[in-house]
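Taking it in order: structure first as structure tokens, then the write-up.
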Amino acid sequence: MNLIHSIEHWGDRHHPQWLDYFRIALGVVILAKGISFVNDQEAVRRLIEQTNFQLSIWGAVHYVVFTHLVGGLFIIFGFQTRLAALLIFPVVVGAVFFVNITSGFSFLNSELWLSVVVLVLLAVFMIVGSGRFSLDHAMNKPGYRRSI
């Protein structure tokens, strides 16, 4: 546990403000993908069936949709960013290595490249956290009033 706390402390102290804009953009992309999953659940079911996992298909569909919607909102607002990124991470790993890679590793496969960028950004935010412009930062400071 000491290593995890050291990583969290380092990430909190070395978080540039411009990285908060990437966090918000990442959250918007994840939330938009979750909304698209809600609008077309049959496509999500087909994507999960392509992976040939032995899990319950509908349970996996609900997990994917839930993590994208709730996790996207948490990342946008900077609330429990590390936890949200950790919960979304396996879904995006599955998207990169089991779903999108089957379409080919080319520049024309934009869904693969978007998934890779999201995967990298999730890993970054699991380390550096949510930053100054977040609910986590505001809630950790008792009596702290930030003017926007």
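To be explicit about the labels: the chains of the structure tokens are called A, B, and onward in the order shown, and within each one the residues are counted from 1, while ligands get numbers from 1 in the order they are shown.
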
Selection near Leu73 of chain A, 7 Å with only C-alpha atoms, sequence-local residues under 4 positions removed, as a list in words = Gly27, Leu31, Leu69 and Phe77 of chain A

Go ahead and dump the residues you just picked, all heavy atoms, as a PDB file, in the first residue's frame.
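Done, and the output landed in again-v2.pdb:
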```pdb
ATOM      1  N   GLY A  27     -13.256  12.540 -20.345  1.00  0.00           N
ATOM      2  CA  GLY A  27     -14.558  12.232 -19.767  1.00  0.00           C
ATOM      3  C   GLY A  27     -15.694  12.447 -20.746  1.00  0.00           C
ATOM      4  O   GLY A  27     -16.634  11.657 -20.805  1.00  0.00           O
ATOM      5  N   LEU A  31     -18.150   9.533 -21.964  1.00  0.00           N
ATOM      6  CA  LEU A  31     -19.589   9.715 -21.772  1.00  0.00           C
ATOM      7  C   LEU A  31     -20.336   9.631 -23.099  1.00  0.00           C
ATOM      8  O   LEU A  31     -21.388   8.992 -23.195  1.00  0.00           O
ATOM      9  CB  LEU A  31     -19.874  11.046 -21.082  1.00  0.00           C
ATOM     10  CG  LEU A  31     -21.342  11.365 -20.814  1.00  0.00           C
ATOM     11  CD1 LEU A  31     -21.926  10.377 -19.820  1.00  0.00           C
ATOM     12  CD2 LEU A  31     -21.480  12.789 -20.308  1.00  0.00           C
ATOM     13  N   LEU A  69     -20.962   5.551 -18.762  1.00  0.00           N
ATOM     14  CA  LEU A  69     -21.807   6.676 -18.365  1.00  0.00           C
ATOM     15  C   LEU A  69     -21.356   7.281 -17.033  1.00  0.00           C
ATOM     16  O   LEU A  69     -21.073   8.481 -16.950  1.00  0.00           O
ATOM     17  CB  LEU A  69     -23.268   6.241 -18.274  1.00  0.00           C
ATOM     18  CG  LEU A  69     -23.948   5.870 -19.588  1.00  0.00           C
ATOM     19  CD1 LEU A  69     -25.349   5.351 -19.328  1.00  0.00           C
ATOM     20  CD2 LEU A  69     -23.991   7.066 -20.520  1.00  0.00           C
ATOM     21  N   PHE A  77     -16.040  15.607 -13.982  1.00  0.00           N
ATOM     22  CA  PHE A  77     -16.096  16.441 -12.788  1.00  0.00           C
ATOM     23  C   PHE A  77     -14.889  16.273 -11.874  1.00  0.00           C
ATOM     24  O   PHE A  77     -14.725  17.029 -10.917  1.00  0.00           O
ATOM     25  CB  PHE A  77     -17.380  16.170 -12.006  1.00  0.00           C
ATOM     26  CG  PHE A  77     -18.606  16.616 -12.733  1.00  0.00           C
ATOM     27  CD1 PHE A  77     -19.590  15.709 -13.065  1.00  0.00           C
ATOM     28  CD2 PHE A  77     -18.770  17.937 -13.107  1.00  0.00           C
ATOM     29  CE1 PHE A  77     -20.728  16.112 -13.745  1.00  0.00           C
ATOM     30  CE2 PHE A  77     -19.900  18.354 -13.786  1.00  0.00           C
ATOM     31  CZ  PHE A  77     -20.879  17.436 -14.108  1.00  0.00           C
TER      32      PHE A  77
END
```

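Candidate residues A:Val93, A:Leu83, A:Ala43, A:Ile35 were compared for distance to Phe66 of chain A, and the nearest is A:Ile35, using only C-alpha atoms.
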
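The interatomic distance for the pair atom CA of Ile127 of chain A and atom CA of His5 of chain A works out to 10.5 Å.
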
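Proximity of A:Thr67, A:Gln17, A:Ser6, A:Gln50 to Val38 of chain A, computed with only C-alpha atoms, is greatest for A:Thr67.
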
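Distances from A:Gly78, A:Pro16, A:Gly59, A:Pro90 to Val118 of chain A were compared using only C-alpha atoms, and the smallest one belongs to A:Pro90.
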
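Ranking A:Val92, A:Leu121, A:Ala85, A:Ile75 by their shortest atom-to-atom distance to Leu135 of chain A, with only C-alpha atoms included, puts A:Ile75 first.
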
Counting only C-alpha atoms, the option among A:Gly34, A:Gly94, A:Gly131, A:Gly72 closest to Leu119 of chain A | A:Gly94

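Each of A:Ile76, A:Ile7, A:Leu112, A:Met126 was compared to Ile24 of chain A using only C-alpha atoms, and A:Ile76 turns out to be the nearest.
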
Tell me which protein, DNA and RNA residues are within 10 Å of Val44 of chain A, counting only C-alpha atoms, leaving out same-chain ones fewer than 6 positions away, and put them as number ranges by chain.
-> A: 36-38, 50, 57-58, 60-62, 64-65

Secondary structure check, alpha helix (DSSP H) residues of segment 58-140 of chain A, as a ChimeraX atom specification = /A:58-77,81-94,110-128,135-139

Restricted to C-alpha atoms, what would the selected residues look like written as a short mmCIF file (atom, residue, chain, number, x, y, z; two decimals), in the first residue's frame?
```
data_model
loop_
_atom_site.label_atom_id
_atom_site.label_comp_id
_atom_site.auth_asym_id
_atom_site.auth_seq_id
_atom_site.Cartn_x
_atom_site.Cartn_y
_atom_site.Cartn_z
CA TRP A 58 -26.06 -8.97 -20.76
CA GLY A 59 -24.05 -8.56 -17.58
CA ALA A 60 -21.07 -7.48 -19.62
CA VAL A 61 -23.21 -5.09 -21.68
CA HIS A 62 -24.56 -3.47 -18.54
CA TYR A 63 -21.07 -3.18 -17.05
CA VAL A 64 -19.70 -1.55 -20.20
CA VAL A 65 -22.57 0.93 -20.47
CA PHE A 66 -22.58 1.72 -16.73
CA THR A 67 -18.83 2.32 -16.54
CA HIS A 68 -18.91 4.56 -19.60
CA LEU A 69 -21.81 6.68 -18.36
CA VAL A 70 -20.93 6.98 -14.68
CA GLY A 71 -17.16 6.83 -15.18
CA GLY A 72 -17.34 9.49 -17.88
CA LEU A 73 -19.25 11.82 -15.57
CA PHE A 74 -16.85 11.15 -12.70
CA ILE A 75 -13.85 11.90 -14.92
CA ILE A 76 -15.44 15.10 -16.29
CA PHE A 77 -16.10 16.44 -12.79
CA THR A 81 -10.94 9.99 -11.06
CA ARG A 82 -8.49 7.22 -10.23
CA LEU A 83 -11.27 4.81 -9.32
CA ALA A 84 -13.32 5.68 -12.42
CA ALA A 85 -10.26 5.23 -14.65
CA LEU A 86 -9.51 1.91 -12.99
CA LEU A 87 -13.05 0.63 -13.61
CA ILE A 88 -13.08 1.75 -17.26
CA PHE A 89 -9.55 0.47 -17.97
CA PRO A 90 -10.44 -3.25 -18.51
CA VAL A 91 -13.28 -2.28 -20.85
CA VAL A 92 -10.96 -0.21 -23.01
CA VAL A 93 -8.26 -2.91 -22.92
CA GLY A 94 -10.90 -5.29 -24.27
CA SER A 110 -10.01 5.34 -36.32
CA GLU A 111 -11.91 3.43 -33.64
CA LEU A 112 -8.71 1.55 -32.75
CA TRP A 113 -6.67 4.74 -32.52
CA LEU A 114 -9.31 6.43 -30.37
CA SER A 115 -9.33 3.42 -28.05
CA VAL A 116 -5.53 3.48 -27.80
CA VAL A 117 -5.52 7.20 -26.94
CA VAL A 118 -8.26 6.66 -24.33
CA LEU A 119 -6.30 3.73 -22.87
CA VAL A 120 -3.13 5.82 -22.54
CA LEU A 121 -5.02 8.75 -20.99
CA LEU A 122 -6.76 6.44 -18.51
CA ALA A 123 -3.36 5.10 -17.44
CA VAL A 124 -2.07 8.67 -17.05
CA PHE A 125 -5.03 9.73 -14.90
CA MET A 126 -4.77 6.61 -12.74
CA ILE A 127 -1.30 7.91 -11.82
CA VAL A 128 -1.67 11.70 -11.71
CA LEU A 135 -14.36 17.98 -7.11
CA ASP A 136 -11.68 15.87 -5.42
CA HIS A 137 -9.48 18.93 -4.95
CA ALA A 138 -12.35 21.09 -3.72
CA MET A 139 -13.57 18.44 -1.28
#
```
